[in-house]
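What follows is a set of notes on a single structure, which appears directly below.
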Amino acid sequence: MEMKAMAPNCGVEISGVDLAHCSDSEMQAIKQAIYEHGVAVFRDQEFSPEDHIAFAKRWGGIDINNYFPLTEQHPEIAVVKKEADQSTNIGGAWHTDHSYDQIPAMGSILVARDLPPSGGDTEWAHMGAAYDALPDDLKAEIEGLEAFHTADHVYKADGLYAQTDMGSSLRGQDLKTGAIHPVVIRHPHTGRKLLYVNSAFTIHFVGKTREESLPLLQRLYDAALTADNQCRLQWKPGTVAIWDNRTTWHNAMNDYQGYRREMHRITLSGEALAA
Ligand code: OGA
Ligand code: MN
């Protein structure tokens, strides 16, 4: 197995491994690499839906996504798709999956199933590198803060997606979500400090209104995205990406209008987060 960094501070490409048949020691090395680099990319994989599920179970539990359509044969798999005649995509803004859950998902395993002829890349940004690069006064300002996260404004019947041509394909419009997490968490395995707010699901700091919270949130969001803490993946048939939702944000490019794109996602269960 070989590992090559995708960018100085984010992402690793792992070659020389067959994910569907990897050994326990390879699995261990893959997990460690994802905890550190935030995302790992694997090329030329033969990875059926059954392989996808079996591999996910080796990590631990699977979190069923409440919003995306599930494949009929495999309810563990969420379908992340955009039809040729739809203009809005899923995940088309910087976010991290499921931060609105009490115990947010550890990560996601995304498999390319149908790709546009070009475009449709995914970007990740490393929140450990983002935290490290914050100016000291900003680090001091967020020390000990907690923030409230929810997905209601995105998925509910009057939410963001409902106003678009993506709305009718989503489920779970009557759900209510909400969780409070520290603004800076420690990675449960590496112990590294990570900035844990994101502009899709973080609403306000605990003890402050949305309005009072926005200026500081915006400063954090602006500081969190720098060219050298990001990496970008150009998908090909057979590409699989696995990312750590605590360590990274991600963003799905929506630059392939008129073409279809379909991905399969399994969301991996996480553990309680702490500062
Ligand atoms: C997701 C997501 C990114 C993509 O599945 O959580 O944001 O590129 N997808 O499809
Ligand atoms: Mn996502």
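Following the order of the structure tokens, first chain is A, next is B, and so on, with residues numbered from 1 inside each chain and ligands from 1 in the order they appear.
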Do you know which residues are at most 7 Å from range 52-57 of chain A counting only C-alpha atoms, after dropping those on the same chain fewer than 4 positions away, and could you put them as a PyMOL selection string? chain A and resi 20+47-48+61-62+268
Print the selection's residues with all heavy atoms to a file, as a PDB file, in the first residue's frame.
ATOM      1  N   ALA A  20     -12.227  -3.742  -1.178  1.00  0.00           N
ATOM      2  CA  ALA A  20     -13.226  -4.776  -0.885  1.00  0.00           C
ATOM      3  C   ALA A  20     -12.598  -5.985  -0.204  1.00  0.00           C
ATOM      4  O   ALA A  20     -13.302  -6.781   0.415  1.00  0.00           O
ATOM      5  CB  ALA A  20     -13.927  -5.195  -2.170  1.00  0.00           C
ATOM      6  N   PHE A  47     -16.082  -2.087  -6.459  1.00  0.00           N
ATOM      7  CA  PHE A  47     -16.692  -1.873  -5.147  1.00  0.00           C
ATOM      8  C   PHE A  47     -18.206  -1.882  -5.325  1.00  0.00           C
ATOM      9  O   PHE A  47     -18.831  -0.835  -5.514  1.00  0.00           O
ATOM     10  CB  PHE A  47     -16.176  -0.514  -4.644  1.00  0.00           C
ATOM     11  CG  PHE A  47     -16.089  -0.372  -3.153  1.00  0.00           C
ATOM     12  CD1 PHE A  47     -15.357  -1.271  -2.380  1.00  0.00           C
ATOM     13  CD2 PHE A  47     -16.704   0.693  -2.511  1.00  0.00           C
ATOM     14  CE1 PHE A  47     -15.246  -1.106  -1.006  1.00  0.00           C
ATOM     15  CE2 PHE A  47     -16.612   0.864  -1.133  1.00  0.00           C
ATOM     16  CZ  PHE A  47     -15.878  -0.045  -0.388  1.00  0.00           C
ATOM     17  N   SER A  48     -18.791  -3.073  -5.276  1.00  0.00           N
ATOM     18  CA  SER A  48     -20.243  -3.204  -5.463  1.00  0.00           C
ATOM     19  C   SER A  48     -20.959  -2.625  -4.246  1.00  0.00           C
ATOM     20  O   SER A  48     -20.332  -2.417  -3.199  1.00  0.00           O
ATOM     21  CB  SER A  48     -20.598  -4.690  -5.597  1.00  0.00           C
ATOM     22  OG  SER A  48     -20.372  -5.326  -4.345  1.00  0.00           O
ATOM     23  N   GLY A  61     -20.499   1.242  13.250  1.00  0.00           N
ATOM     24  CA  GLY A  61     -21.893   1.371  12.837  1.00  0.00           C
ATOM     25  C   GLY A  61     -22.084   2.221  11.592  1.00  0.00           C
ATOM     26  O   GLY A  61     -21.199   2.970  11.177  1.00  0.00           O
ATOM     27  N   ILE A  62     -23.268   2.074  11.006  1.00  0.00           N
ATOM     28  CA  ILE A  62     -23.676   2.891   9.859  1.00  0.00           C
ATOM     29  C   ILE A  62     -24.809   3.810  10.322  1.00  0.00           C
ATOM     30  O   ILE A  62     -25.746   3.354  10.968  1.00  0.00           O
ATOM     31  CB  ILE A  62     -24.161   1.979   8.707  1.00  0.00           C
ATOM     32  CG1 ILE A  62     -22.977   1.172   8.149  1.00  0.00           C
ATOM     33  CG2 ILE A  62     -24.858   2.786   7.627  1.00  0.00           C
ATOM     34  CD1 ILE A  62     -23.374   0.158   7.076  1.00  0.00           C
ATOM     35  N   LEU A 268     -20.745   6.843   8.248  1.00  0.00           N
ATOM     36  CA  LEU A 268     -20.199   6.017   9.329  1.00  0.00           C
ATOM     37  C   LEU A 268     -20.497   6.650  10.683  1.00  0.00           C
ATOM     38  O   LEU A 268     -20.292   7.860  10.865  1.00  0.00           O
ATOM     39  CB  LEU A 268     -18.678   5.894   9.163  1.00  0.00           C
ATOM     40  CG  LEU A 268     -18.226   5.280   7.837  1.00  0.00           C
ATOM     41  CD1 LEU A 268     -16.737   5.537   7.609  1.00  0.00           C
ATOM     42  CD2 LEU A 268     -18.509   3.776   7.842  1.00  0.00           C
TER      43      LEU A 268
END
- Message: Give me, as an MDAnalysis selection string, the set of residues whose atoms come within 6 Å of any atom of ligand 1, counting only C-alpha atoms and all ligand atoms.
- Response: chainID A and resid 80 91 97 122 252 265
Suppose you want the space between CA of Phe68 in chain A and CA of Leu170 in chain A; what is it in Å?
->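 Separation of CA of Phe68 in chain A and CA of Leu170 in chain A: 5.3 Å.
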Just the strand (DSSP E or B) stuff from range 7-225 of chain A, please, per backbone DSSP, written as a VMD selection string.
-> chain A and resid 12 to 15 39 to 42 62 to 63 70 78 to 82 95 107 to 114 122 to 126 146 to 149 179 to 182 184 to 186 193 to 195 202 to 205
For this session: Could you tell me, counting only C-alpha atoms and all ligand atoms, which protein and nucleic acid residues lie no more than 10 Å from ligand 2, written as a PyMOL selection string?
Result: chain A and resi 80+90-98+107-108+110+122+243+245+249-252+265+267
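Shortest atom-to-atom contact with Ala40 in chain A among A:Gln218, A:Thr239, A:Asn66, A:Thr150: A:Thr239, counting only C-alpha atoms.
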Selection: 10 Å around Leu175 in chain A, only C-alpha atoms, excl. self and same-chain fewer than 5 positions, as a list in words =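 Counting only C-alpha atoms, the residues come to Asn66, Tyr67, Ala151, Asp152, Tyr155, Lys156 and Ala157 of chain A.
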Same residues, N, CA and C atoms, saved as a compact mmCIF listing (two decimals), in the first residue's frame:
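Dumped everything to selection_19.txt:
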# COMPACT_ATOMS: atom_id res chain seq x y z
N ASN A 66 -31.25 10.54 6.90
CA ASN A 66 -32.70 10.72 6.95
C ASN A 66 -33.27 11.47 5.76
N TYR A 67 -32.43 12.06 4.94
CA TYR A 67 -32.92 13.01 3.95
C TYR A 67 -32.80 12.55 2.50
N ALA A 151 -30.21 21.05 10.97
CA ALA A 151 -30.39 20.93 9.52
C ALA A 151 -31.77 21.38 9.10
N ASP A 152 -32.57 21.86 10.07
CA ASP A 152 -33.98 22.14 9.77
C ASP A 152 -34.15 23.18 8.65
N TYR A 155 -33.49 21.23 5.17
CA TYR A 155 -34.29 20.12 4.65
C TYR A 155 -35.80 20.22 4.89
N LYS A 156 -36.23 21.10 5.77
CA LYS A 156 -37.67 21.14 6.10
C LYS A 156 -38.50 21.60 4.89
N ALA A 157 -39.83 21.42 5.04
CA ALA A 157 -40.73 21.71 3.91
C ALA A 157 -40.60 23.15 3.41
Problem set entry | Shell around Thr190 in chain A at 10 Å using only C-alpha atoms, local window under 3 positions removed, as a ChimeraX atom specification | /A:32,35-36,186-187,193
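Nearest residue to Gly178 in chain A, choosing from A:Arg43, A:His204, A:His74, A:Arg232 and counting only C-alpha atoms: A:His204.
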- Task: Go through A:Leu145, A:Thr88, A:Pro75, A:Gly38 one by one, measure the shortest atom-to-atom distance of each to Thr164 in chain A using only C-alpha atoms, and give the residue with the smallest value.
- Result: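 Nearest candidate to Thr164 in chain A out of A:Leu145, A:Thr88, A:Pro75, A:Gly38: A:Thr88.
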task = Enter the distance from CA of Gly172 in chain A to CA of Ile185 in chain A, in Å, rounded to one decimal.
result =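 Pair CA of Gly172 in chain A / CA of Ile185 in chain A returns 28.5 Å.
CA of Ile64 in chain A to CA of Met106 in chain A spans 12.7 Å [interatomic distance, one decimal].
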Checklist entry - Using only C-alpha atoms, which of A:Tyr256, A:Pro69, A:Asp174, A:Ala274 sits nearest Asp85 in chain A? => result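 The closest residue to Asp85 in chain A is A:Tyr256.
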Write out as a PDB file with C-alpha atoms, in the first residue's frame the residues lying within 10 Å of Lys139 in chain A, counting only C-alpha atoms and excluding same-chain residues fewer than 5 positions away.
ATOM      1  CA  TYR A 131      -7.471  25.929  13.537  1.00  0.00           C
ATOM      2  CA  ASP A 132      -3.662  26.015  13.686  1.00  0.00           C
ATOM      3  CA  ALA A 133      -3.562  28.965  11.284  1.00  0.00           C
ATOM      4  CA  LEU A 134      -6.060  31.118  13.226  1.00  0.00           C
ATOM      5  CA  GLY A 144     -14.500  27.356  25.562  1.00  0.00           C
ATOM      6  CA  VAL A 184     -13.060  23.626  18.962  1.00  0.00           C
ATOM      7  CA  LEU A 195     -12.353  23.960  14.266  1.00  0.00           C
ATOM      8  CA  LEU A 220     -14.012  31.857  11.342  1.00  0.00           C
TER       9      LEU A 220
END
ask   = Could you write out, as a PyMOL selection string, all the residues of range 9-156 of chain A that DSSP marks as alpha helix (DSSP H)?
value = chain A and resi 24-37+49-57+127-133+136-142+152-155
